[in-house]
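Pasted below: target.pdb, PDB, C-alpha atoms.
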```pdb
ATOM      1  CA  MET C   1       8.928 -11.534  -7.778
ATOM      2  CA  ARG C   2       7.583 -11.819  -4.258
ATOM      3  CA  PRO C   3       9.026 -13.720  -1.303
ATOM      4  CA  ALA C   4       7.445 -17.156  -1.198
ATOM      5  CA  THR C   5       7.475 -17.497   2.604
ATOM      6  CA  LEU C   6       8.006 -15.332   5.670
ATOM      7  CA  ALA C   7      11.372 -17.046   6.143
ATOM      8  CA  GLN C   8      12.376 -16.071   2.618
ATOM      9  CA  ALA C   9      11.251 -12.483   3.189
ATOM     10  CA  TYR C  10      13.615 -12.342   6.156
ATOM     11  CA  GLU C  11      16.434 -13.821   4.061
ATOM     12  CA  TRP C  12      15.917 -10.989   1.590
ATOM     13  CA  ILE C  13      15.876  -8.399   4.354
ATOM     14  CA  ILE C  14      19.092  -9.825   5.799
ATOM     15  CA  ALA C  15      20.560  -9.601   2.289
ATOM     16  CA  GLY C  16      19.764  -5.884   2.191
ATOM     17  CA  GLU C  17      16.313  -5.601   0.634
ATOM     18  CA  PRO C  18      14.135  -2.817   2.110
ATOM     19  CA  ARG C  19      12.269  -4.040   5.161
ATOM     20  CA  ASP C  20       8.874  -2.446   4.593
ATOM     21  CA  ALA C  21       8.615  -3.266   0.887
ATOM     22  CA  THR C  22       9.756  -6.859   1.379
ATOM     23  CA  LEU C  23       7.325  -7.436   4.219
ATOM     24  CA  ALA C  24       4.523  -5.870   2.130
ATOM     25  CA  GLU C  25       5.288  -8.199  -0.747
ATOM     26  CA  PHE C  26       5.258 -11.203   1.573
ATOM     27  CA  LEU C  27       1.851 -10.075   2.813
ATOM     28  CA  ASP C  28       0.566 -10.057  -0.761
ATOM     29  CA  THR C  29       1.828 -13.637  -1.130
ATOM     30  CA  PHE C  30       0.028 -14.568   2.076
ATOM     31  CA  TYR C  31      -3.250 -12.809   1.269
ATOM     32  CA  LEU C  32      -3.368 -14.258  -2.232
ATOM     33  CA  ALA C  33      -2.758 -17.829  -1.051
ATOM     34  CA  PRO C  34      -5.798 -19.898  -2.006
ATOM     35  CA  THR C  35      -6.244 -22.124   1.069
ATOM     36  CA  PRO C  36      -5.594 -22.120   4.840
ATOM     37  CA  ASP C  37      -3.080 -24.957   4.419
ATOM     38  CA  ARG C  38      -1.158 -22.931   1.887
ATOM     39  CA  ARG C  39      -1.212 -19.899   4.186
ATOM     40  CA  LEU C  40       0.103 -21.962   7.069
ATOM     41  CA  ALA C  41       2.883 -23.308   4.866
ATOM     42  CA  LEU C  42       4.012 -19.724   4.250
ATOM     43  CA  LEU C  43       4.553 -19.219   7.980
ATOM     44  CA  ARG C  44       5.825 -22.657   9.001
ATOM     45  CA  ASP C  45       9.596 -22.232   8.559
ATOM     46  CA  GLU C  46      11.279 -20.106  11.169
ATOM     47  CA  PRO C  47      12.884 -16.959   9.767
ATOM     48  CA  SER C  48      16.600 -16.573  10.403
ATOM     49  CA  MET C  49      17.657 -14.246  13.173
ATOM     50  CA  THR C  50      18.634 -10.852  11.814
ATOM     51  CA  GLY C  51      20.666  -9.437  14.680
ATOM     52  CA  ASP C  52      18.003  -6.753  15.125
ATOM     53  CA  VAL C  53      15.961  -7.765  18.167
ATOM     54  CA  ARG C  54      12.971  -5.697  17.024
ATOM     55  CA  LEU C  55      12.852  -7.331  13.642
ATOM     56  CA  ASP C  56      13.248 -10.772  15.188
ATOM     57  CA  ALA C  57      10.344 -10.162  17.573
ATOM     58  CA  LEU C  58       8.297  -8.685  14.742
ATOM     59  CA  ALA C  59       8.532 -11.979  12.835
ATOM     60  CA  GLY C  60       6.909 -13.775  15.761
ATOM     61  CA  ALA C  61       4.162 -11.170  16.022
ATOM     62  CA  VAL C  62       3.470 -11.285  12.276
ATOM     63  CA  ALA C  63       3.249 -15.080  12.243
ATOM     64  CA  GLU C  64       0.968 -15.303  15.279
ATOM     65  CA  TYR C  65      -1.219 -12.384  14.155
ATOM     66  CA  LEU C  66      -1.737 -13.721  10.626
ATOM     67  CA  ALA C  67      -2.368 -17.258  11.908
ATOM     68  CA  ARG C  68      -5.042 -16.016  14.292
ATOM     69  CA  GLN C  69      -6.611 -13.503  11.883
ATOM     70  CA  TYR C  70      -7.029 -16.220   9.278
ATOM     71  CA  ARG C  71      -7.919 -18.913  11.823
ATOM     72  CA  LEU C  72      -5.194 -21.261  10.697
ATOM     73  CA  ALA C  73      -4.970 -24.664  12.338
ATOM     74  CA  VAL C  74      -1.948 -23.736  14.457
ATOM     75  CA  VAL C  75       0.381 -20.885  15.189
ATOM     76  CA  PRO C  76       3.914 -21.888  14.193
ATOM     77  CA  PRO C  77       5.668 -22.857  17.472
ATOM     78  CA  TRP C  78       8.782 -20.850  16.661
ATOM     79  CA  ALA C  79       6.716 -17.667  17.080
ATOM     80  CA  PHE C  80       6.632 -18.291  20.857
ATOM     81  CA  GLU C  81      10.377 -18.732  21.338
ATOM     82  CA  PRO C  82      11.732 -16.244  23.920
ATOM     83  CA  ARG C  83      13.865 -14.566  21.264
ATOM     84  CA  ARG C  84      10.637 -13.555  19.507
ATOM     85  CA  TYR C  85       9.769 -11.216  22.401
ATOM     86  CA  LEU C  86      11.252  -7.820  23.259
ATOM     87  CA  ASP C  87      12.482  -6.817  26.704
ATOM     88  CA  ARG C  88      11.830  -3.150  26.033
ATOM     89  CA  PRO C  89       8.786  -1.495  24.438
ATOM     90  CA  TRP C  90       8.907  -0.593  20.779
ATOM     91  CA  HIS C  91       6.387   1.999  19.633
ATOM     92  CA  THR C  92       6.392   1.619  15.889
ATOM     93  CA  SER C  93       5.552   5.175  14.870
ATOM     94  CA  PRO C  94       8.125   7.677  13.660
ATOM     95  CA  PHE C  95       6.534  10.229  16.022
ATOM     96  CA  ALA C  96       8.067  10.279  19.503
ATOM     97  CA  ASP C  97       4.931  11.934  20.790
ATOM     98  CA  ASP C  98       3.251  11.043  24.091
ATOM     99  CA  GLY C  99      -0.216  11.074  22.560
ATOM    100  CA  MET C 100       0.788   8.754  19.742
ATOM    101  CA  ARG C 101       2.593   6.418  22.162
ATOM    102  CA  GLU C 102      -0.512   6.241  24.307
ATOM    103  CA  TYR C 103      -2.669   5.567  21.257
ATOM    104  CA  LEU C 104      -0.396   2.757  20.075
ATOM    105  CA  THR C 105      -0.202   1.267  23.563
ATOM    106  CA  PHE C 106      -3.966   0.824  23.644
ATOM    107  CA  ALA C 107      -4.538   0.075  19.950
ATOM    108  CA  SER C 108      -1.916  -2.618  19.432
ATOM    109  CA  PRO C 109      -3.292  -6.135  18.800
ATOM    110  CA  ALA C 110      -2.551  -8.706  21.497
ATOM    111  CA  GLU C 111      -0.072 -10.643  19.358
ATOM    112  CA  PHE C 112       2.090  -7.533  19.100
ATOM    113  CA  ARG C 113       1.457  -6.147  22.570
ATOM    114  CA  ALA C 114       2.485  -9.444  24.184
ATOM    115  CA  ARG C 115       5.877  -9.017  22.542
ATOM    116  CA  ASN C 116       6.266  -5.420  23.714
ATOM    117  CA  ILE C 117       5.527  -4.159  20.209
ATOM    118  CA  PHE C 118       3.015  -1.316  20.154
ATOM    119  CA  THR C 119       1.490  -0.595  16.798
ATOM    120  CA  GLU C 120      -1.783   0.481  15.238
ATOM    121  CA  GLU C 121      -5.036  -1.401  15.625
ATOM    122  CA  ARG C 122      -4.932  -3.187  12.287
ATOM    123  CA  PRO C 123      -1.354  -3.599  11.150
ATOM    124  CA  LEU C 124      -0.314  -5.517   8.036
ATOM    125  CA  ARG C 125      -3.187  -4.183   5.934
ATOM    126  CA  ARG C 126      -2.888  -4.488   2.183
ATOM    127  CA  ALA C 127      -5.495  -3.910  -0.490
ATOM    128  CA  ARG C 128      -5.484  -7.644  -1.145
ATOM    129  CA  SER C 129      -6.270  -8.619   2.434
ATOM    130  CA  GLY C 130      -9.934  -8.066   1.569
ATOM    131  CA  LEU C 131     -10.427  -6.414   4.952
ATOM    132  CA  SER C 132     -11.678  -2.873   4.649
ATOM    133  CA  PRO C 133      -9.803  -0.312   6.728
ATOM    134  CA  SER C 134     -12.161   1.228   9.257
TER     135      SER C 134
ATOM    136  CA  MET R   1      14.442  -9.315  -4.846
ATOM    137  CA  ALA R   2      11.337  -7.246  -4.053
ATOM    138  CA  THR R   3       9.441  -5.824  -6.999
ATOM    139  CA  ALA R   4       9.675  -2.128  -7.684
ATOM    140  CA  PHE R   5       9.048  -0.320 -10.873
ATOM    141  CA  ASP R   6       9.557   3.264 -11.745
ATOM    142  CA  ARG R   7       7.587   5.800 -13.753
ATOM    143  CA  ASP R   8       9.317   5.204 -17.071
ATOM    144  CA  GLN R   9       8.789   1.454 -16.864
ATOM    145  CA  LEU R  10       5.128   1.927 -16.087
ATOM    146  CA  LEU R  11       4.584   4.429 -18.893
ATOM    147  CA  GLU R  12       6.224   1.994 -21.319
ATOM    148  CA  ALA R  13       3.932  -0.751 -20.039
ATOM    149  CA  PHE R  14       0.912   1.489 -20.643
ATOM    150  CA  ASP R  15       2.168   2.199 -24.170
ATOM    151  CA  GLU R  16       2.238  -1.529 -24.792
ATOM    152  CA  VAL R  17      -1.266  -2.021 -23.375
ATOM    153  CA  GLY R  18      -2.452   0.860 -25.574
ATOM    154  CA  ARG R  19      -0.940  -0.718 -28.674
ATOM    155  CA  ALA R  20      -2.562  -4.043 -27.815
ATOM    156  CA  ALA R  21      -5.945  -2.333 -27.439
ATOM    157  CA  ILE R  22      -5.582  -0.689 -30.839
ATOM    158  CA  ALA R  23      -4.659  -4.048 -32.360
ATOM    159  CA  ALA R  24      -7.806  -5.485 -30.768
ATOM    160  CA  GLN R  25      -9.782  -2.561 -32.243
ATOM    161  CA  THR R  26     -10.934  -1.319 -28.873
ATOM    162  CA  ARG R  27     -10.210   1.366 -26.295
ATOM    163  CA  LEU R  28      -9.704   0.776 -22.579
ATOM    164  CA  GLU R  29     -10.253   3.435 -19.903
ATOM    165  CA  ILE R  30      -8.738   2.848 -16.463
ATOM    166  CA  ALA R  31      -8.405   4.833 -13.245
ATOM    167  CA  VAL R  32      -5.144   4.289 -11.394
ATOM    168  CA  PHE R  33      -4.959   4.713  -7.617
ATOM    169  CA  GLY R  34      -2.500   4.437  -4.750
ATOM    170  CA  GLY R  35       1.255   4.642  -5.017
ATOM    171  CA  SER R  36       1.198   4.130  -8.761
ATOM    172  CA  ALA R  37      -1.034   7.182  -9.290
ATOM    173  CA  LEU R  38       1.313   9.262  -7.156
ATOM    174  CA  MET R  39       4.328   7.927  -8.985
ATOM    175  CA  LEU R  40       2.791   8.762 -12.365
ATOM    176  CA  ALA R  41       1.362  12.164 -11.520
ATOM    177  CA  SER R  42       3.381  13.674  -8.672
ATOM    178  CA  ASN R  43       6.871  14.971  -8.178
ATOM    179  CA  PHE R  44       7.293  13.301  -4.769
ATOM    180  CA  ARG R  45       6.853   9.552  -5.297
ATOM    181  CA  PHE R  46       9.304   7.575  -7.376
ATOM    182  CA  SER R  47       8.499   3.883  -7.182
ATOM    183  CA  THR R  48       5.746   1.420  -6.408
ATOM    184  CA  GLU R  49       5.304  -2.355  -6.345
ATOM    185  CA  ASP R  50       2.109  -2.770  -8.331
ATOM    186  CA  VAL R  51      -0.607  -0.842 -10.138
ATOM    187  CA  ASP R  52      -3.985  -0.496  -8.464
ATOM    188  CA  ILE R  53      -6.847   0.199 -10.847
ATOM    189  CA  ALA R  54     -10.576   0.589 -10.370
ATOM    190  CA  GLU R  55     -12.601  -2.426 -11.371
ATOM    191  CA  ILE R  56     -12.949  -2.838 -15.126
ATOM    192  CA  GLY R  57     -15.035  -6.001 -15.021
ATOM    193  CA  ARG R  58     -14.220  -9.685 -15.142
ATOM    194  CA  PRO R  59     -13.288 -11.640 -17.060
ATOM    195  CA  TRP R  60     -10.749  -9.374 -18.685
ATOM    196  CA  PRO R  61     -10.765  -9.525 -22.477
ATOM    197  CA  GLU R  62      -8.283 -12.013 -23.833
ATOM    198  CA  TRP R  63      -6.074  -9.371 -25.420
ATOM    199  CA  LEU R  64      -5.708  -7.537 -22.083
ATOM    200  CA  ALA R  65      -4.911 -10.640 -20.041
ATOM    201  CA  ALA R  66      -2.331 -11.621 -22.661
ATOM    202  CA  VAL R  67      -0.541  -8.267 -22.806
ATOM    203  CA  VAL R  68      -0.503  -7.884 -19.014
ATOM    204  CA  GLU R  69       0.965 -11.360 -18.646
ATOM    205  CA  ARG R  70       3.542 -10.683 -21.350
ATOM    206  CA  ILE R  71       4.682  -7.404 -19.769
ATOM    207  CA  GLY R  72       4.882  -8.973 -16.302
ATOM    208  CA  ALA R  73       6.860 -11.979 -17.478
ATOM    209  CA  ARG R  74       9.315  -9.859 -19.440
ATOM    210  CA  ASN R  75       9.993  -7.498 -16.546
ATOM    211  CA  GLY R  76       9.957 -10.045 -13.722
ATOM    212  CA  TRP R  77       6.871  -8.406 -12.191
ATOM    213  CA  PRO R  78       4.231 -10.395 -10.308
ATOM    214  CA  ALA R  79       1.489 -11.857 -12.502
ATOM    215  CA  ASP R  80      -1.009  -9.482 -10.857
ATOM    216  CA  TRP R  81       1.078  -6.337 -11.309
ATOM    217  CA  LEU R  82      -2.045  -4.676 -12.758
ATOM    218  CA  ASN R  83      -4.848  -5.489 -10.355
ATOM    219  CA  GLU R  84      -8.239  -4.377  -9.117
ATOM    220  CA  ALA R  85      -7.759  -5.169  -5.426
ATOM    221  CA  VAL R  86      -8.140  -1.500  -4.523
ATOM    222  CA  ALA R  87     -11.688  -1.351  -5.910
ATOM    223  CA  PHE R  88     -13.035  -2.610  -2.596
ATOM    224  CA  HIS R  89     -11.522   0.419  -0.826
ATOM    225  CA  LEU R  90     -12.748   3.187  -3.109
ATOM    226  CA  SER R  91     -15.420   5.699  -2.155
ATOM    227  CA  LYS R  92     -18.998   5.056  -3.210
ATOM    228  CA  LEU R  93     -19.499   8.817  -2.946
ATOM    229  CA  ALA R  94     -16.831   9.657  -5.511
ATOM    230  CA  ASN R  95     -18.049  11.090  -8.785
ATOM    231  CA  PRO R  96     -15.721  10.217 -11.678
ATOM    232  CA  ALA R  97     -16.521  13.447 -13.531
ATOM    233  CA  ARG R  98     -15.459  15.503 -10.511
ATOM    234  CA  ASP R  99     -12.967  13.299  -8.680
ATOM    235  CA  LEU R 100     -10.857  11.834 -11.482
ATOM    236  CA  VAL R 101      -8.575  13.708 -13.848
ATOM    237  CA  LEU R 102      -7.064  12.618 -17.125
ATOM    238  CA  LEU R 103      -3.429  11.594 -16.859
ATOM    239  CA  GLY R 104      -2.940  10.789 -20.531
ATOM    240  CA  THR R 105      -3.585   8.566 -23.487
ATOM    241  CA  PHE R 106      -1.490   5.674 -24.705
ATOM    242  CA  PRO R 107       0.507   4.879 -26.671
ATOM    243  CA  ARG R 108       2.123   8.251 -26.189
ATOM    244  CA  ALA R 109       3.088  10.136 -29.332
ATOM    245  CA  SER R 110       0.459   8.347 -31.357
ATOM    246  CA  GLU R 111      -2.638   9.677 -33.058
ATOM    247  CA  GLN R 112      -4.494   6.493 -32.227
ATOM    248  CA  VAL R 113      -5.638   5.937 -28.664
ATOM    249  CA  GLY R 114      -5.866   2.491 -27.131
ATOM    250  CA  LEU R 115      -5.642   3.284 -23.443
ATOM    251  CA  VAL R 116      -6.936   6.261 -21.469
ATOM    252  CA  VAL R 117      -5.616   6.649 -17.928
ATOM    253  CA  PHE R 118      -7.208   8.709 -15.169
ATOM    254  CA  VAL R 119      -5.939   9.426 -11.646
ATOM    255  CA  PRO R 120      -7.809  10.747  -8.613
ATOM    256  CA  THR R 121      -7.784  14.443  -7.839
ATOM    257  CA  ALA R 122      -5.575  15.560  -4.960
ATOM    258  CA  ARG R 123      -8.670  15.833  -2.739
ATOM    259  CA  TYR R 124      -9.792  12.289  -3.423
ATOM    260  CA  MET R 125      -6.235  11.016  -3.120
ATOM    261  CA  LEU R 126      -5.837  12.670   0.287
ATOM    262  CA  ALA R 127      -9.106  11.105   1.453
ATOM    263  CA  LEU R 128      -7.939   7.673   0.300
ATOM    264  CA  LYS R 129      -4.585   8.126   2.001
ATOM    265  CA  LEU R 130      -6.182   9.223   5.258
ATOM    266  CA  LYS R 131      -8.657   6.371   5.202
ATOM    267  CA  ALA R 132      -5.988   3.711   4.753
ATOM    268  CA  LEU R 133      -3.321   5.508   6.789
ATOM    269  CA  ARG R 134      -0.620   3.299   8.302
ATOM    270  CA  VAL R 135       1.814   4.637  10.846
ATOM    271  CA  ALA R 136       4.025   1.657  11.666
ATOM    272  CA  ASP R 137       7.490   2.074  10.257
ATOM    273  CA  PHE R 138       7.737  -1.665   9.431
ATOM    274  CA  ASP R 139       4.458  -1.453   7.524
ATOM    275  CA  LYS R 140       4.939   1.243   4.867
ATOM    276  CA  GLY R 141       3.833   3.801   7.426
ATOM    277  CA  SER R 142       6.720   6.088   6.561
ATOM    278  CA  THR R 143       5.639   6.122   2.915
ATOM    279  CA  ASP R 144       2.024   6.836   3.840
ATOM    280  CA  LEU R 145       3.064   9.696   6.105
ATOM    281  CA  ALA R 146       5.307  11.263   3.473
ATOM    282  CA  ASP R 147       2.578  10.986   0.812
ATOM    283  CA  THR R 148      -0.001  12.476   3.166
ATOM    284  CA  ALA R 149       2.270  15.364   4.127
ATOM    285  CA  ALA R 150       2.878  16.175   0.464
ATOM    286  CA  LEU R 151      -0.842  16.060  -0.400
ATOM    287  CA  LEU R 152      -1.644  18.387   2.502
ATOM    288  CA  ARG R 153       0.792  20.868   1.026
ATOM    289  CA  VAL R 154      -0.580  20.437  -2.501
ATOM    290  CA  LEU R 155      -4.051  21.281  -1.188
ATOM    291  CA  ALA R 156      -2.767  24.034   1.136
ATOM    292  CA  VAL R 157      -4.524  22.371   4.065
ATOM    293  CA  LYS R 158      -3.486  24.147   7.243
ATOM    294  CA  ASN R 159      -5.572  22.545   9.953
ATOM    295  CA  VAL R 160      -6.767  19.160  11.115
ATOM    296  CA  GLU R 161     -10.480  19.820  10.692
ATOM    297  CA  THR R 162     -10.118  20.799   7.040
ATOM    298  CA  ALA R 163      -8.321  17.529   6.348
ATOM    299  CA  ILE R 164     -10.899  15.500   8.268
ATOM    300  CA  GLY R 165     -13.594  17.357   6.303
ATOM    301  CA  ILE R 166     -12.034  16.121   3.048
ATOM    302  CA  LEU R 167     -11.967  12.584   4.456
ATOM    303  CA  ALA R 168     -15.635  12.958   5.400
ATOM    304  CA  GLU R 169     -16.615  13.996   1.858
ATOM    305  CA  PHE R 170     -15.606  10.570   0.635
ATOM    306  CA  PHE R 171     -15.642   8.346   3.725
ATOM    307  CA  PRO R 172     -18.010   9.776   6.355
ATOM    308  CA  ILE R 173     -17.857   6.731   8.625
ATOM    309  CA  SER R 174     -14.046   6.727   8.679
ATOM    310  CA  ALA R 175     -14.079  10.452   9.438
ATOM    311  CA  ALA R 176     -16.306   9.883  12.445
ATOM    312  CA  HIS R 177     -13.695   7.543  13.965
ATOM    313  CA  ALA R 178     -10.466   9.258  13.016
ATOM    314  CA  ASP R 179      -8.422   9.419  16.239
ATOM    315  CA  LYS R 180      -5.293   8.082  14.578
ATOM    316  CA  GLN R 181      -5.684  10.441  11.635
ATOM    317  CA  ARG R 182      -6.055  13.413  14.009
ATOM    318  CA  PHE R 183      -2.823  12.503  15.834
ATOM    319  CA  VAL R 184      -0.978  12.164  12.560
ATOM    320  CA  LEU R 185      -2.420  15.303  10.988
ATOM    321  CA  LYS R 186      -1.563  17.356  14.037
ATOM    322  CA  ARG R 187       2.040  16.247  13.787
ATOM    323  CA  LEU R 188       2.310  16.604  10.028
ATOM    324  CA  LEU R 189       0.748  20.060  10.011
ATOM    325  CA  SER R 190       3.015  21.310  12.780
ATOM    326  CA  ALA R 191       6.183  20.089  11.064
ATOM    327  CA  GLU R 192       8.327  22.524   9.180
ATOM    328  CA  SER R 193       7.690  22.323   5.445
ATOM    329  CA  PRO R 194      10.573  21.410   3.177
ATOM    330  CA  ALA R 195      11.524  24.036   0.616
ATOM    331  CA  ASP R 196      10.498  22.085  -2.484
ATOM    332  CA  ALA R 197       6.907  22.374  -3.655
ATOM    333  CA  PRO R 198       5.008  19.121  -4.117
ATOM    334  CA  ARG R 199       2.812  18.906  -7.191
ATOM    335  CA  TYR R 200      -0.081  16.550  -7.951
ATOM    336  CA  PRO R 201      -1.584  15.841 -10.358
ATOM    337  CA  ARG R 202       0.740  17.102 -13.036
ATOM    338  CA  SER R 203      -0.504  16.803 -16.556
ATOM    339  CA  SER R 204       2.654  16.336 -18.602
ATOM    340  CA  LEU R 205       3.751  12.814 -19.378
TER     341      LEU R 205
END
```
Exercise: express the given structure as structure tokens:
Amino acid sequence: MRPATLAQAYEWIIAGEPRDATLAEFLDTFYLAPTPDRRLALLRDEPSMTGDVRLDALAGAVAEYLARQYRLAVVPPWAFEPRRYLDRPWHTSPFADDGMREYLTFASPAEFRARNIFTEERPLRRARSGLSPS
Amino acid sequence: MATAFDRDQLLEAFDEVGRAAIAAQTRLEIAVFGGSALMLASNFRFSTEDVDIAEIGRPWPEWLAAVVERIGARNGWPADWLNEAVAFHLSKLANPARDLVLLGTFPRASEQVGLVVFVPTARYMLALKLKALRVADFDKGSTDLADTAALLRVLAVKNVETAIGILAEFFPISAAHADKQRFVLKRLLSAESPADAPRYPRSSL
């Protein structure tokens, strides 16, 4: 079973499901959705706050990034709430290495960078996204 | 609850697919990639969420669609637990005779064979991992890094250029633009190796 919406994925994470696997399964739901309207519906409901400011900001970045990548009609407004932005930078690699931090700072897509989240150039890739890794 | 199945569950599923093929008086050959190949054939990966196989042609025969649906429904797995989405990401330069190895035949412990399963060699698997490498810890990056580190040790790769050379054998364009991979390889190759020895592919089921 996969989470049916981003909000449900966050409910599962709050309930203790592993963050990366649950988010990956939500992405499969999103990428397999047959129409733009259906994809937008998967992002429309605001995920609950988790108490982890990084995870809460990540939800906003994921929603805005997917909406823009797939040219959906709108970006869900909740993604722009102030609580969906970080005050301090988060470099999302396990390596605390200056070179990697610099790479992520430049590579991160705008939807993540605007929220102080610095990640790789094409995050959220799954085989089903149909977008070939470079 | 997120889907995750382990090696035993997957081997049982393959047994069932093999029995269905025999009942349909046919034999199916598949190549399994990604996390499921590592889970089946390594000693360092223990679960996955789906099974990526190389394209076997559409539409699937009726018997295969039926058995896959039946297994998924019974186990609470997604309807597409066995899927060909990875086919788009495989190397056009790979040669099945050289770059795939036999994992086993199914059903196990049967003289009749309904399903033959292959997995990529460690070299091809490392190239695939490097090509699709994720580093973000919210995005399965930690899993990718651990898999890559283990494959480097399996292949006794000691330097960045050797690893990029393996990537280039299969994905020359990716290898020409591999800044991220070079950062990661440098870190992984400079890390202290754990004591246990990773193995892939192992032949015993």
Counting only C-alpha atoms, what is within 9 Å of stretch 91-106 of chain R, bar same-chain residues fewer than 6 positions away, as a PyMOL selection string? chain R and resi 11+14-19+31+40-41+112-124+128+169-171+201-205
Shortest interatomic distance to R:Pro61 - which of R:Ala21, R:Val135, R:Ile30, R:Ala85, counting only C-alpha atoms: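 When distances to R:Pro61 are compared using only C-alpha atoms, the smallest one comes from R:Ala21.
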Could you tell me which residues of chain R sit within 9 Å of chain C when counting all atoms listed in the file, and give me the result as JSON, numbers by chain? {"R": [1, 2, 3, 4, 49, 52, 76, 77, 78, 79, 85, 86, 87, 88, 89, 131, 132, 133, 134, 135, 136, 137, 138, 139, 140, 141, 142, 173, 174, 177, 179, 180, 183, 184, 187]}
Please produce a file of those selected residues containing C-alpha atoms, as a tab-separated table (two decimals), in the frame of the given file.
```
chain	number	residue	atom	x	y	z
R	1	MET	CA	14.44	-9.32	-4.85
R	2	ALA	CA	11.34	-7.25	-4.05
R	3	THR	CA	9.44	-5.82	-7.00
R	4	ALA	CA	9.68	-2.13	-7.68
R	49	GLU	CA	5.30	-2.36	-6.34
R	52	ASP	CA	-3.98	-0.50	-8.46
R	76	GLY	CA	9.96	-10.04	-13.72
R	77	TRP	CA	6.87	-8.41	-12.19
R	78	PRO	CA	4.23	-10.40	-10.31
R	79	ALA	CA	1.49	-11.86	-12.50
R	85	ALA	CA	-7.76	-5.17	-5.43
R	86	VAL	CA	-8.14	-1.50	-4.52
R	87	ALA	CA	-11.69	-1.35	-5.91
R	88	PHE	CA	-13.04	-2.61	-2.60
R	89	HIS	CA	-11.52	0.42	-0.83
R	131	LYS	CA	-8.66	6.37	5.20
R	132	ALA	CA	-5.99	3.71	4.75
R	133	LEU	CA	-3.32	5.51	6.79
R	134	ARG	CA	-0.62	3.30	8.30
R	135	VAL	CA	1.81	4.64	10.85
R	136	ALA	CA	4.03	1.66	11.67
R	137	ASP	CA	7.49	2.07	10.26
R	138	PHE	CA	7.74	-1.66	9.43
R	139	ASP	CA	4.46	-1.45	7.52
R	140	LYS	CA	4.94	1.24	4.87
R	141	GLY	CA	3.83	3.80	7.43
R	142	SER	CA	6.72	6.09	6.56
R	173	ILE	CA	-17.86	6.73	8.62
R	174	SER	CA	-14.05	6.73	8.68
R	177	HIS	CA	-13.70	7.54	13.96
R	179	ASP	CA	-8.42	9.42	16.24
R	180	LYS	CA	-5.29	8.08	14.58
R	183	PHE	CA	-2.82	12.50	15.83
R	184	VAL	CA	-0.98	12.16	12.56
R	187	ARG	CA	2.04	16.25	13.79
```
Which centre and which edge lengths, in Å to one decimal, describe the axis-aligned box that holds all listed atoms of stretch 27-39 of chain C after 3 Å is added on each side, as JSON?
```
{"center_x": -2.2, "center_y": -17.5, "center_z": 1.3, "size_x": 14.1, "size_y": 20.9, "size_z": 13.1}
```
Near-C:Ala63 list (12 Å; only C-alpha atoms; drop same-chain fewer than 2 positions) as JSON, numbers by chain: {"C": [5, 6, 7, 23, 26, 27, 30, 39, 40, 41, 42, 43, 44, 45, 46, 47, 56, 57, 58, 59, 60, 61, 65, 66, 67, 68, 69, 70, 71, 72, 74, 75, 76, 77, 78, 79, 80, 84, 111, 112, 124]}
Name the closest residue to R:Leu151 among the candidates R:Arg108, R:Arg74, R:Arg182, R:Arg45; distances are taken between atoms, counting only C-alpha atoms. R:Arg45
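Relative to atom CA of C:Thr50, atom CA of C:Tyr10 is found at 7.7 Å.
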Of the candidates R:Asn159, R:Asn75, R:Asn83, R:Ser193, which one gets nearest to R:Val51 if we count all atoms listed in the file? R:Asn83
From the options C:Asp87, C:Val53, C:Arg38, C:Ile14, which residue's atoms come nearest to C:Ala114, counting only C-alpha atoms? C:Asp87
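Candidate residues C:Leu86, C:Asp52, C:Ala96, C:Pro36 were compared for distance to C:Asn116, and the nearest is C:Leu86, using all atoms listed in the file.
A straight line drawn from atom CA of R:Glu69 to atom CA of R:Glu12 is 14.6 Å long.
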Which one is closest to C:Ala33: C:Arg54, C:Ala4, C:Glu102, C:Val62? Count all atoms listed in the file. C:Ala4
Could you tell me how far atom CA of C:Trp90 sits from atom CA of C:Ile117, in Å to one decimal place?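 Pair atom CA of C:Ile117 / atom CA of C:Trp90 returns 4.9 Å.
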